[in-house]
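input-v6.txt follows (compact mmCIF, N, CA, C and O atoms):
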```txt
# COMPACT_ATOMS: atom_id res chain seq x y z
N MET F 241 -84.92 156.42 51.85
CA MET F 241 -83.91 155.40 51.94
C MET F 241 -82.93 155.57 50.78
O MET F 241 -83.33 155.62 49.63
N ASN F 242 -81.66 155.68 51.10
CA ASN F 242 -80.63 155.77 50.07
C ASN F 242 -80.12 154.39 49.75
O ASN F 242 -79.78 153.62 50.63
N ARG F 243 -80.09 154.08 48.47
CA ARG F 243 -79.59 152.78 48.04
C ARG F 243 -78.23 152.96 47.39
O ARG F 243 -78.01 153.91 46.66
N ARG F 244 -77.34 152.04 47.65
CA ARG F 244 -76.03 152.05 47.00
C ARG F 244 -76.07 151.05 45.86
O ARG F 244 -76.05 149.84 46.07
N PHE F 245 -76.17 151.58 44.63
CA PHE F 245 -76.25 150.72 43.45
C PHE F 245 -74.87 150.24 43.05
O PHE F 245 -73.89 150.95 43.16
N ARG F 246 -74.82 149.02 42.58
CA ARG F 246 -73.57 148.45 42.09
C ARG F 246 -73.87 147.68 40.82
O ARG F 246 -75.01 147.37 40.51
N ASN F 247 -72.82 147.38 40.08
CA ASN F 247 -72.95 146.61 38.85
C ASN F 247 -73.96 147.24 37.90
O ASN F 247 -74.88 146.59 37.42
N LEU F 248 -73.78 148.53 37.64
CA LEU F 248 -74.68 149.27 36.77
C LEU F 248 -74.37 148.95 35.31
O LEU F 248 -73.21 148.92 34.91
N ARG F 249 -75.41 148.70 34.53
CA ARG F 249 -75.26 148.39 33.11
C ARG F 249 -76.39 149.06 32.35
O ARG F 249 -77.53 149.09 32.82
N ARG F 250 -76.08 149.60 31.18
CA ARG F 250 -77.08 150.25 30.35
C ARG F 250 -77.39 149.36 29.15
O ARG F 250 -76.49 148.95 28.42
N ILE F 251 -78.67 149.05 28.95
CA ILE F 251 -79.13 148.26 27.82
C ILE F 251 -80.14 149.12 27.08
O ILE F 251 -81.28 149.29 27.53
N GLY F 252 -79.73 149.69 25.97
CA GLY F 252 -80.59 150.64 25.25
C GLY F 252 -80.82 151.87 26.11
O GLY F 252 -79.87 152.49 26.58
N LEU F 253 -82.08 152.21 26.35
CA LEU F 253 -82.42 153.34 27.20
C LEU F 253 -82.61 152.95 28.67
O LEU F 253 -82.87 153.80 29.51
N VAL F 254 -82.49 151.67 28.96
CA VAL F 254 -82.79 151.17 30.30
C VAL F 254 -81.50 150.91 31.09
O VAL F 254 -80.58 150.27 30.59
N ASN F 255 -81.45 151.42 32.31
CA ASN F 255 -80.36 151.13 33.24
C ASN F 255 -80.76 149.94 34.10
O ASN F 255 -81.88 149.90 34.61
N VAL F 256 -79.83 149.02 34.28
CA VAL F 256 -80.03 147.87 35.16
C VAL F 256 -78.96 147.94 36.24
O VAL F 256 -77.79 148.13 35.93
N ALA F 257 -79.38 147.82 37.49
CA ALA F 257 -78.43 147.91 38.61
C ALA F 257 -78.83 146.92 39.70
O ALA F 257 -79.97 146.50 39.79
N SER F 258 -77.85 146.58 40.53
CA SER F 258 -78.07 145.70 41.67
C SER F 258 -77.85 146.48 42.96
O SER F 258 -77.07 147.42 42.98
N TYR F 259 -78.54 146.06 44.02
CA TYR F 259 -78.34 146.68 45.33
C TYR F 259 -78.77 145.68 46.40
O TYR F 259 -79.45 144.70 46.12
N ALA F 260 -78.31 145.92 47.61
CA ALA F 260 -78.67 145.05 48.74
C ALA F 260 -79.74 145.74 49.58
O ALA F 260 -79.62 146.92 49.88
N GLU F 261 -80.79 144.98 49.93
CA GLU F 261 -81.87 145.51 50.76
C GLU F 261 -82.24 144.46 51.79
O GLU F 261 -82.63 143.34 51.41
N ARG F 262 -82.11 144.80 53.06
CA ARG F 262 -82.41 143.88 54.15
C ARG F 262 -81.67 142.56 54.01
O ARG F 262 -82.24 141.48 54.20
N GLY F 263 -80.42 142.62 53.59
CA GLY F 263 -79.61 141.43 53.48
C GLY F 263 -79.84 140.59 52.23
O GLY F 263 -79.25 139.54 52.07
N ARG F 264 -80.70 141.06 51.33
CA ARG F 264 -80.99 140.34 50.09
C ARG F 264 -80.55 141.18 48.91
O ARG F 264 -80.65 142.41 48.93
N ASN F 265 -80.09 140.52 47.87
CA ASN F 265 -79.74 141.22 46.64
C ASN F 265 -81.01 141.47 45.83
O ASN F 265 -81.83 140.56 45.65
N ARG F 266 -81.18 142.69 45.37
CA ARG F 266 -82.32 143.06 44.53
C ARG F 266 -81.76 143.67 43.25
O ARG F 266 -80.62 144.14 43.22
N HIS F 267 -82.56 143.70 42.21
CA HIS F 267 -82.12 144.20 40.91
C HIS F 267 -83.20 145.13 40.37
O HIS F 267 -84.39 144.85 40.52
N LEU F 268 -82.77 146.20 39.75
CA LEU F 268 -83.67 147.25 39.31
C LEU F 268 -83.45 147.52 37.83
O LEU F 268 -82.30 147.58 37.38
N ALA F 269 -84.54 147.69 37.09
CA ALA F 269 -84.49 148.12 35.70
C ALA F 269 -85.31 149.40 35.60
O ALA F 269 -86.46 149.42 36.06
N ALA F 270 -84.72 150.46 35.03
CA ALA F 270 -85.42 151.74 34.94
C ALA F 270 -85.08 152.42 33.62
O ALA F 270 -83.91 152.53 33.25
N CYS F 271 -86.10 152.88 32.91
CA CYS F 271 -85.92 153.57 31.63
C CYS F 271 -85.51 155.01 31.90
O CYS F 271 -86.06 155.67 32.80
N THR F 272 -84.57 155.52 31.11
CA THR F 272 -84.06 156.88 31.31
C THR F 272 -84.65 157.88 30.32
O THR F 272 -84.28 159.04 30.34
N ALA F 273 -85.57 157.45 29.47
CA ALA F 273 -86.17 158.35 28.49
C ALA F 273 -87.12 159.33 29.19
O ALA F 273 -87.79 158.97 30.16
N PRO F 274 -87.18 160.56 28.69
CA PRO F 274 -88.12 161.52 29.27
C PRO F 274 -89.56 161.04 29.11
O PRO F 274 -89.92 160.45 28.09
N ARG F 275 -90.36 161.25 30.11
CA ARG F 275 -91.79 160.91 30.13
C ARG F 275 -92.09 159.42 30.06
O ARG F 275 -93.20 159.02 29.77
N CYS F 276 -91.09 158.58 30.30
CA CYS F 276 -91.33 157.14 30.38
C CYS F 276 -91.24 156.76 31.86
O CYS F 276 -90.23 157.01 32.50
N ASP F 277 -92.26 156.15 32.38
CA ASP F 277 -92.33 155.85 33.80
C ASP F 277 -91.98 154.40 34.12
O ASP F 277 -92.33 153.90 35.18
N PHE F 278 -91.28 153.71 33.22
CA PHE F 278 -90.97 152.31 33.46
C PHE F 278 -89.85 152.15 34.47
O PHE F 278 -88.77 152.71 34.33
N SER F 279 -90.12 151.43 35.52
CA SER F 279 -89.10 150.97 36.47
C SER F 279 -89.70 149.79 37.24
O SER F 279 -90.89 149.77 37.52
N ALA F 280 -88.84 148.81 37.51
CA ALA F 280 -89.32 147.62 38.21
C ALA F 280 -88.18 146.97 38.96
O ALA F 280 -87.03 147.05 38.55
N GLU F 281 -88.51 146.33 40.09
CA GLU F 281 -87.53 145.59 40.89
C GLU F 281 -87.73 144.10 40.67
O GLU F 281 -88.86 143.63 40.54
N TYR F 282 -86.62 143.37 40.66
CA TYR F 282 -86.66 141.93 40.41
C TYR F 282 -85.79 141.21 41.43
O TYR F 282 -84.87 141.79 41.99
N ASP F 283 -86.05 139.91 41.59
CA ASP F 283 -85.25 139.08 42.48
C ASP F 283 -83.98 138.58 41.82
O ASP F 283 -83.01 138.26 42.49
N SER F 284 -83.97 138.51 40.48
CA SER F 284 -82.79 138.00 39.78
C SER F 284 -82.30 139.02 38.77
O SER F 284 -83.08 139.78 38.19
N ARG F 285 -81.00 139.00 38.54
CA ARG F 285 -80.37 139.89 37.57
C ARG F 285 -80.85 139.55 36.15
O ARG F 285 -81.08 140.43 35.33
N ALA F 286 -81.02 138.27 35.88
CA ALA F 286 -81.47 137.83 34.56
C ALA F 286 -82.85 138.40 34.23
O ALA F 286 -83.10 138.82 33.09
N ALA F 287 -83.74 138.42 35.20
CA ALA F 287 -85.08 138.96 34.98
C ALA F 287 -85.03 140.46 34.69
O ALA F 287 -85.74 140.96 33.82
N ALA F 288 -84.18 141.19 35.40
CA ALA F 288 -84.05 142.63 35.18
C ALA F 288 -83.47 142.91 33.79
O ALA F 288 -83.92 143.83 33.09
N GLU F 289 -82.48 142.13 33.37
CA GLU F 289 -81.89 142.34 32.06
C GLU F 289 -82.87 141.95 30.94
O GLU F 289 -82.90 142.60 29.90
N LEU F 290 -83.66 140.92 31.16
CA LEU F 290 -84.68 140.55 30.18
C LEU F 290 -85.71 141.66 30.04
O LEU F 290 -86.12 142.01 28.91
N ALA F 291 -86.13 142.24 31.14
CA ALA F 291 -87.08 143.36 31.09
C ALA F 291 -86.48 144.54 30.33
O ALA F 291 -87.17 145.22 29.57
N ALA F 292 -85.19 144.80 30.53
CA ALA F 292 -84.53 145.89 29.84
C ALA F 292 -84.47 145.65 28.33
O ALA F 292 -84.69 146.55 27.52
N ARG F 293 -84.19 144.41 27.94
CA ARG F 293 -84.09 144.09 26.52
C ARG F 293 -85.43 144.12 25.81
O ARG F 293 -85.52 144.42 24.62
N THR F 294 -86.50 143.79 26.51
CA THR F 294 -87.82 143.71 25.88
C THR F 294 -88.66 144.97 26.08
O THR F 294 -89.77 145.04 25.56
N HIS F 295 -88.15 145.96 26.81
CA HIS F 295 -88.89 147.20 27.05
C HIS F 295 -89.07 147.97 25.76
O HIS F 295 -88.12 148.22 25.02
N ARG F 296 -90.30 148.34 25.47
CA ARG F 296 -90.62 149.18 24.32
C ARG F 296 -91.11 150.52 24.86
O ARG F 296 -92.20 150.61 25.39
N CYS F 297 -90.29 151.50 24.71
CA CYS F 297 -90.57 152.81 25.31
C CYS F 297 -91.65 153.55 24.54
O CYS F 297 -91.52 153.76 23.33
N PRO F 298 -92.74 153.95 25.22
CA PRO F 298 -93.81 154.67 24.54
C PRO F 298 -93.48 156.15 24.32
O PRO F 298 -94.18 156.83 23.58
N ALA F 299 -92.42 156.63 24.96
CA ALA F 299 -92.08 158.06 24.86
C ALA F 299 -91.39 158.39 23.55
O ALA F 299 -90.87 157.62 22.87
```

What does the file become when written as structure tokens?
Amino acid sequence: MNRRFRNLRRIGLVNVASYAERGRNRHLAACTAPRCDFSAEYDSRAAAELAARTHRCPA
């Protein structure tokens, strides 16, 4: 499934983006550091940005 991301923002090493899935807005936070497997989907943009701000990368 190809997702069309919009409203992309970088907070530290974490990218936060929004996309539409089945008629609902979803939000994604994903770390871009090598060997860090952090990524998560959220229902609200605020939750995704909070996860990005509090992420402590083990890599």

>> Which residue is closest to Glu289 of chain F? Choose from F:His267, F:Arg244, F:Arg275, F:Arg262 and count only N, CA, C and O atoms.
In response: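 Between F:His267, F:Arg244, F:Arg275, F:Arg262, the residue approaching Glu289 of chain F most closely is F:His267.
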
> Can you tell me, as a ChimeraX atom specification, which residues sit within 5 Å of (-85.6, 149.4, 40.4) in the file's frame, using only N, CA, C and O atoms?
Replying inline: /F:267-269,280-281

> Can you list, as a ChimeraX atom specification, every protein, DNA or RNA residue that comes within 9 Å of Ala257 of chain F when you count only C-alpha atoms, leaving out same-chain residues fewer than 3 positions away?
Replying inline: /F:245-250,266-270,285,288

Around segment 268-272 of chain F, with edges along x, y and z and 5 Å added on all six sides, what centre and edge lengths do you get, in Å to one decimal, as JSON?
```
{"center_x": -84.4, "center_y": 152.6, "center_z": 35.0, "size_x": 14.2, "size_y": 22.8, "size_z": 19.4}
```

>> Please determine, counting only C-alpha atoms, which residue among F:Asp277, F:Gly263, F:Ser284, F:Thr294 has the shortest atom-to-atom distance to Ile251 of chain F.
In response: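 Of F:Asp277, F:Gly263, F:Ser284, F:Thr294, the one nearest Ile251 of chain F, counting only C-alpha atoms, is F:Thr294.
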
>> Would you compute the distance between atom N of Val254 of chain F and atom C of Pro298 of chain F? Give it in Å to one decimal.
In response: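 Atom-to-atom, atom N of Val254 of chain F and atom C of Pro298 of chain F are spaced 12.7 Å apart.
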
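The two atoms in question, atom CA of Cys276 of chain F and atom N of Arg264 of chain F, are spaced 28.5 Å apart.
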
>> Considering all atoms listed in the file, can you say which of F:Arg243, F:Ala273, F:Asn265, F:Val256 comes closest to Ala292 of chain F?
In response: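 The closest residue to Ala292 of chain F is F:Val256.
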
>> Between atom O of Thr272 of chain F and atom C of Ala291 of chain F, what is the distance in Å, rounded to a tenth?
In response: 14.7 Å

Report as a PDB file with N, CA, C and O atoms, keeping the file's coordinate frame: the residues of chain F with a DSSP assignment of strand (DSSP E), based on the backbone of this structure.
```pdb
ATOM      1  N   ARG F 246     -74.820 149.020  42.580  1.00  0.00           N
ATOM      2  CA  ARG F 246     -73.570 148.450  42.090  1.00  0.00           C
ATOM      3  C   ARG F 246     -73.870 147.680  40.820  1.00  0.00           C
ATOM      4  O   ARG F 246     -75.010 147.370  40.510  1.00  0.00           O
ATOM      5  N   ASN F 247     -72.820 147.380  40.080  1.00  0.00           N
ATOM      6  CA  ASN F 247     -72.950 146.610  38.850  1.00  0.00           C
ATOM      7  C   ASN F 247     -73.960 147.240  37.900  1.00  0.00           C
ATOM      8  O   ASN F 247     -74.880 146.590  37.420  1.00  0.00           O
ATOM      9  N   LEU F 248     -73.780 148.530  37.640  1.00  0.00           N
ATOM     10  CA  LEU F 248     -74.680 149.270  36.770  1.00  0.00           C
ATOM     11  C   LEU F 248     -74.370 148.950  35.310  1.00  0.00           C
ATOM     12  O   LEU F 248     -73.210 148.920  34.910  1.00  0.00           O
ATOM     13  N   ARG F 249     -75.410 148.700  34.530  1.00  0.00           N
ATOM     14  CA  ARG F 249     -75.260 148.390  33.110  1.00  0.00           C
ATOM     15  C   ARG F 249     -76.390 149.060  32.350  1.00  0.00           C
ATOM     16  O   ARG F 249     -77.530 149.090  32.820  1.00  0.00           O
ATOM     17  N   ARG F 250     -76.080 149.600  31.180  1.00  0.00           N
ATOM     18  CA  ARG F 250     -77.080 150.250  30.350  1.00  0.00           C
ATOM     19  C   ARG F 250     -77.390 149.360  29.150  1.00  0.00           C
ATOM     20  O   ARG F 250     -76.490 148.950  28.420  1.00  0.00           O
ATOM     21  N   ILE F 251     -78.670 149.050  28.950  1.00  0.00           N
ATOM     22  CA  ILE F 251     -79.130 148.260  27.820  1.00  0.00           C
ATOM     23  C   ILE F 251     -80.140 149.120  27.080  1.00  0.00           C
ATOM     24  O   ILE F 251     -81.280 149.290  27.530  1.00  0.00           O
ATOM     25  N   VAL F 254     -82.490 151.670  28.960  1.00  0.00           N
ATOM     26  CA  VAL F 254     -82.790 151.170  30.300  1.00  0.00           C
ATOM     27  C   VAL F 254     -81.500 150.910  31.090  1.00  0.00           C
ATOM     28  O   VAL F 254     -80.580 150.270  30.590  1.00  0.00           O
ATOM     29  N   ASN F 255     -81.450 151.420  32.310  1.00  0.00           N
ATOM     30  CA  ASN F 255     -80.360 151.130  33.240  1.00  0.00           C
ATOM     31  C   ASN F 255     -80.760 149.940  34.100  1.00  0.00           C
ATOM     32  O   ASN F 255     -81.880 149.900  34.610  1.00  0.00           O
ATOM     33  N   VAL F 256     -79.830 149.020  34.280  1.00  0.00           N
ATOM     34  CA  VAL F 256     -80.030 147.870  35.160  1.00  0.00           C
ATOM     35  C   VAL F 256     -78.960 147.940  36.240  1.00  0.00           C
ATOM     36  O   VAL F 256     -77.790 148.130  35.930  1.00  0.00           O
ATOM     37  N   ALA F 257     -79.380 147.820  37.490  1.00  0.00           N
ATOM     38  CA  ALA F 257     -78.430 147.910  38.610  1.00  0.00           C
ATOM     39  C   ALA F 257     -78.830 146.920  39.700  1.00  0.00           C
ATOM     40  O   ALA F 257     -79.970 146.500  39.790  1.00  0.00           O
ATOM     41  N   SER F 258     -77.850 146.580  40.530  1.00  0.00           N
ATOM     42  CA  SER F 258     -78.070 145.700  41.670  1.00  0.00           C
ATOM     43  C   SER F 258     -77.850 146.480  42.960  1.00  0.00           C
ATOM     44  O   SER F 258     -77.070 147.420  42.980  1.00  0.00           O
ATOM     45  N   TYR F 259     -78.540 146.060  44.020  1.00  0.00           N
ATOM     46  CA  TYR F 259     -78.340 146.680  45.330  1.00  0.00           C
ATOM     47  C   TYR F 259     -78.770 145.680  46.400  1.00  0.00           C
ATOM     48  O   TYR F 259     -79.450 144.700  46.120  1.00  0.00           O
ATOM     49  N   ALA F 260     -78.310 145.920  47.610  1.00  0.00           N
ATOM     50  CA  ALA F 260     -78.670 145.050  48.740  1.00  0.00           C
ATOM     51  C   ALA F 260     -79.740 145.740  49.580  1.00  0.00           C
ATOM     52  O   ALA F 260     -79.620 146.920  49.880  1.00  0.00           O
ATOM     53  N   GLU F 261     -80.790 144.980  49.930  1.00  0.00           N
ATOM     54  CA  GLU F 261     -81.870 145.510  50.760  1.00  0.00           C
ATOM     55  C   GLU F 261     -82.240 144.460  51.790  1.00  0.00           C
ATOM     56  O   GLU F 261     -82.630 143.340  51.410  1.00  0.00           O
ATOM     57  N   ARG F 264     -80.700 141.060  51.330  1.00  0.00           N
ATOM     58  CA  ARG F 264     -80.990 140.340  50.090  1.00  0.00           C
ATOM     59  C   ARG F 264     -80.550 141.180  48.910  1.00  0.00           C
ATOM     60  O   ARG F 264     -80.650 142.410  48.930  1.00  0.00           O
ATOM     61  N   ASN F 265     -80.090 140.520  47.870  1.00  0.00           N
ATOM     62  CA  ASN F 265     -79.740 141.220  46.640  1.00  0.00           C
ATOM     63  C   ASN F 265     -81.010 141.470  45.830  1.00  0.00           C
ATOM     64  O   ASN F 265     -81.830 140.560  45.650  1.00  0.00           O
ATOM     65  N   ARG F 266     -81.180 142.690  45.370  1.00  0.00           N
ATOM     66  CA  ARG F 266     -82.320 143.060  44.530  1.00  0.00           C
ATOM     67  C   ARG F 266     -81.760 143.670  43.250  1.00  0.00           C
ATOM     68  O   ARG F 266     -80.620 144.140  43.220  1.00  0.00           O
ATOM     69  N   HIS F 267     -82.560 143.700  42.210  1.00  0.00           N
ATOM     70  CA  HIS F 267     -82.120 144.200  40.910  1.00  0.00           C
ATOM     71  C   HIS F 267     -83.200 145.130  40.370  1.00  0.00           C
ATOM     72  O   HIS F 267     -84.390 144.850  40.520  1.00  0.00           O
ATOM     73  N   LEU F 268     -82.770 146.200  39.750  1.00  0.00           N
ATOM     74  CA  LEU F 268     -83.670 147.250  39.310  1.00  0.00           C
ATOM     75  C   LEU F 268     -83.450 147.520  37.830  1.00  0.00           C
ATOM     76  O   LEU F 268     -82.300 147.580  37.380  1.00  0.00           O
ATOM     77  N   ALA F 269     -84.540 147.690  37.090  1.00  0.00           N
ATOM     78  CA  ALA F 269     -84.490 148.120  35.700  1.00  0.00           C
ATOM     79  C   ALA F 269     -85.310 149.400  35.600  1.00  0.00           C
ATOM     80  O   ALA F 269     -86.460 149.420  36.060  1.00  0.00           O
ATOM     81  N   ALA F 270     -84.720 150.460  35.030  1.00  0.00           N
ATOM     82  CA  ALA F 270     -85.420 151.740  34.940  1.00  0.00           C
ATOM     83  C   ALA F 270     -85.080 152.420  33.620  1.00  0.00           C
ATOM     84  O   ALA F 270     -83.910 152.530  33.250  1.00  0.00           O
ATOM     85  N   CYS F 271     -86.100 152.880  32.910  1.00  0.00           N
ATOM     86  CA  CYS F 271     -85.920 153.570  31.630  1.00  0.00           C
ATOM     87  C   CYS F 271     -85.510 155.010  31.900  1.00  0.00           C
ATOM     88  O   CYS F 271     -86.060 155.670  32.800  1.00  0.00           O
ATOM     89  N   SER F 279     -90.120 151.430  35.520  1.00  0.00           N
ATOM     90  CA  SER F 279     -89.100 150.970  36.470  1.00  0.00           C
ATOM     91  C   SER F 279     -89.700 149.790  37.240  1.00  0.00           C
ATOM     92  O   SER F 279     -90.890 149.770  37.520  1.00  0.00           O
ATOM     93  N   ALA F 280     -88.840 148.810  37.510  1.00  0.00           N
ATOM     94  CA  ALA F 280     -89.320 147.620  38.210  1.00  0.00           C
ATOM     95  C   ALA F 280     -88.180 146.970  38.960  1.00  0.00           C
ATOM     96  O   ALA F 280     -87.030 147.050  38.550  1.00  0.00           O
ATOM     97  N   GLU F 281     -88.510 146.330  40.090  1.00  0.00           N
ATOM     98  CA  GLU F 281     -87.530 145.590  40.890  1.00  0.00           C
ATOM     99  C   GLU F 281     -87.730 144.100  40.670  1.00  0.00           C
ATOM    100  O   GLU F 281     -88.860 143.630  40.540  1.00  0.00           O
ATOM    101  N   TYR F 282     -86.620 143.370  40.660  1.00  0.00           N
ATOM    102  CA  TYR F 282     -86.660 141.930  40.410  1.00  0.00           C
ATOM    103  C   TYR F 282     -85.790 141.210  41.430  1.00  0.00           C
ATOM    104  O   TYR F 282     -84.870 141.790  41.990  1.00  0.00           O
TER     105      TYR F 282
END
```

> Please, which residues of segment 241-297 of chain F, numbered as in this document, come out helix (DSSP H, G or I) from DSSP, as JSON, numbers by chain?
Replying inline: {"F": [285, 286, 287, 288, 289, 290, 291, 292, 293, 294]}

Can I get the selected residues back with N, CA, C and O atoms, as a PDB file, in the frame of the given file?
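Printed below is out29.pdb as written:
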```pdb
ATOM      1  N   ARG F 285     -81.000 139.000  38.540  1.00  0.00           N
ATOM      2  CA  ARG F 285     -80.370 139.890  37.570  1.00  0.00           C
ATOM      3  C   ARG F 285     -80.850 139.550  36.150  1.00  0.00           C
ATOM      4  O   ARG F 285     -81.080 140.430  35.330  1.00  0.00           O
ATOM      5  N   ALA F 286     -81.020 138.270  35.880  1.00  0.00           N
ATOM      6  CA  ALA F 286     -81.470 137.830  34.560  1.00  0.00           C
ATOM      7  C   ALA F 286     -82.850 138.400  34.230  1.00  0.00           C
ATOM      8  O   ALA F 286     -83.100 138.820  33.090  1.00  0.00           O
ATOM      9  N   ALA F 287     -83.740 138.420  35.200  1.00  0.00           N
ATOM     10  CA  ALA F 287     -85.080 138.960  34.980  1.00  0.00           C
ATOM     11  C   ALA F 287     -85.030 140.460  34.690  1.00  0.00           C
ATOM     12  O   ALA F 287     -85.740 140.960  33.820  1.00  0.00           O
ATOM     13  N   ALA F 288     -84.180 141.190  35.400  1.00  0.00           N
ATOM     14  CA  ALA F 288     -84.050 142.630  35.180  1.00  0.00           C
ATOM     15  C   ALA F 288     -83.470 142.910  33.790  1.00  0.00           C
ATOM     16  O   ALA F 288     -83.920 143.830  33.090  1.00  0.00           O
ATOM     17  N   GLU F 289     -82.480 142.130  33.370  1.00  0.00           N
ATOM     18  CA  GLU F 289     -81.890 142.340  32.060  1.00  0.00           C
ATOM     19  C   GLU F 289     -82.870 141.950  30.940  1.00  0.00           C
ATOM     20  O   GLU F 289     -82.900 142.600  29.900  1.00  0.00           O
ATOM     21  N   LEU F 290     -83.660 140.920  31.160  1.00  0.00           N
ATOM     22  CA  LEU F 290     -84.680 140.550  30.180  1.00  0.00           C
ATOM     23  C   LEU F 290     -85.710 141.660  30.040  1.00  0.00           C
ATOM     24  O   LEU F 290     -86.120 142.010  28.910  1.00  0.00           O
ATOM     25  N   ALA F 291     -86.130 142.240  31.140  1.00  0.00           N
ATOM     26  CA  ALA F 291     -87.080 143.360  31.090  1.00  0.00           C
ATOM     27  C   ALA F 291     -86.480 144.540  30.330  1.00  0.00           C
ATOM     28  O   ALA F 291     -87.170 145.220  29.570  1.00  0.00           O
ATOM     29  N   ALA F 292     -85.190 144.800  30.530  1.00  0.00           N
ATOM     30  CA  ALA F 292     -84.530 145.890  29.840  1.00  0.00           C
ATOM     31  C   ALA F 292     -84.470 145.650  28.330  1.00  0.00           C
ATOM     32  O   ALA F 292     -84.690 146.550  27.520  1.00  0.00           O
ATOM     33  N   ARG F 293     -84.190 144.410  27.940  1.00  0.00           N
ATOM     34  CA  ARG F 293     -84.090 144.090  26.520  1.00  0.00           C
ATOM     35  C   ARG F 293     -85.430 144.120  25.810  1.00  0.00           C
ATOM     36  O   ARG F 293     -85.520 144.420  24.620  1.00  0.00           O
ATOM     37  N   THR F 294     -86.500 143.790  26.510  1.00  0.00           N
ATOM     38  CA  THR F 294     -87.820 143.710  25.880  1.00  0.00           C
ATOM     39  C   THR F 294     -88.660 144.970  26.080  1.00  0.00           C
ATOM     40  O   THR F 294     -89.770 145.040  25.560  1.00  0.00           O
TER      41      THR F 294
END
```

>> Considering all atoms listed in the file, can you say which of F:Asp283, F:Cys271, F:His295, F:Leu290 comes closest to Asn255 of chain F?
In response: F:Cys271
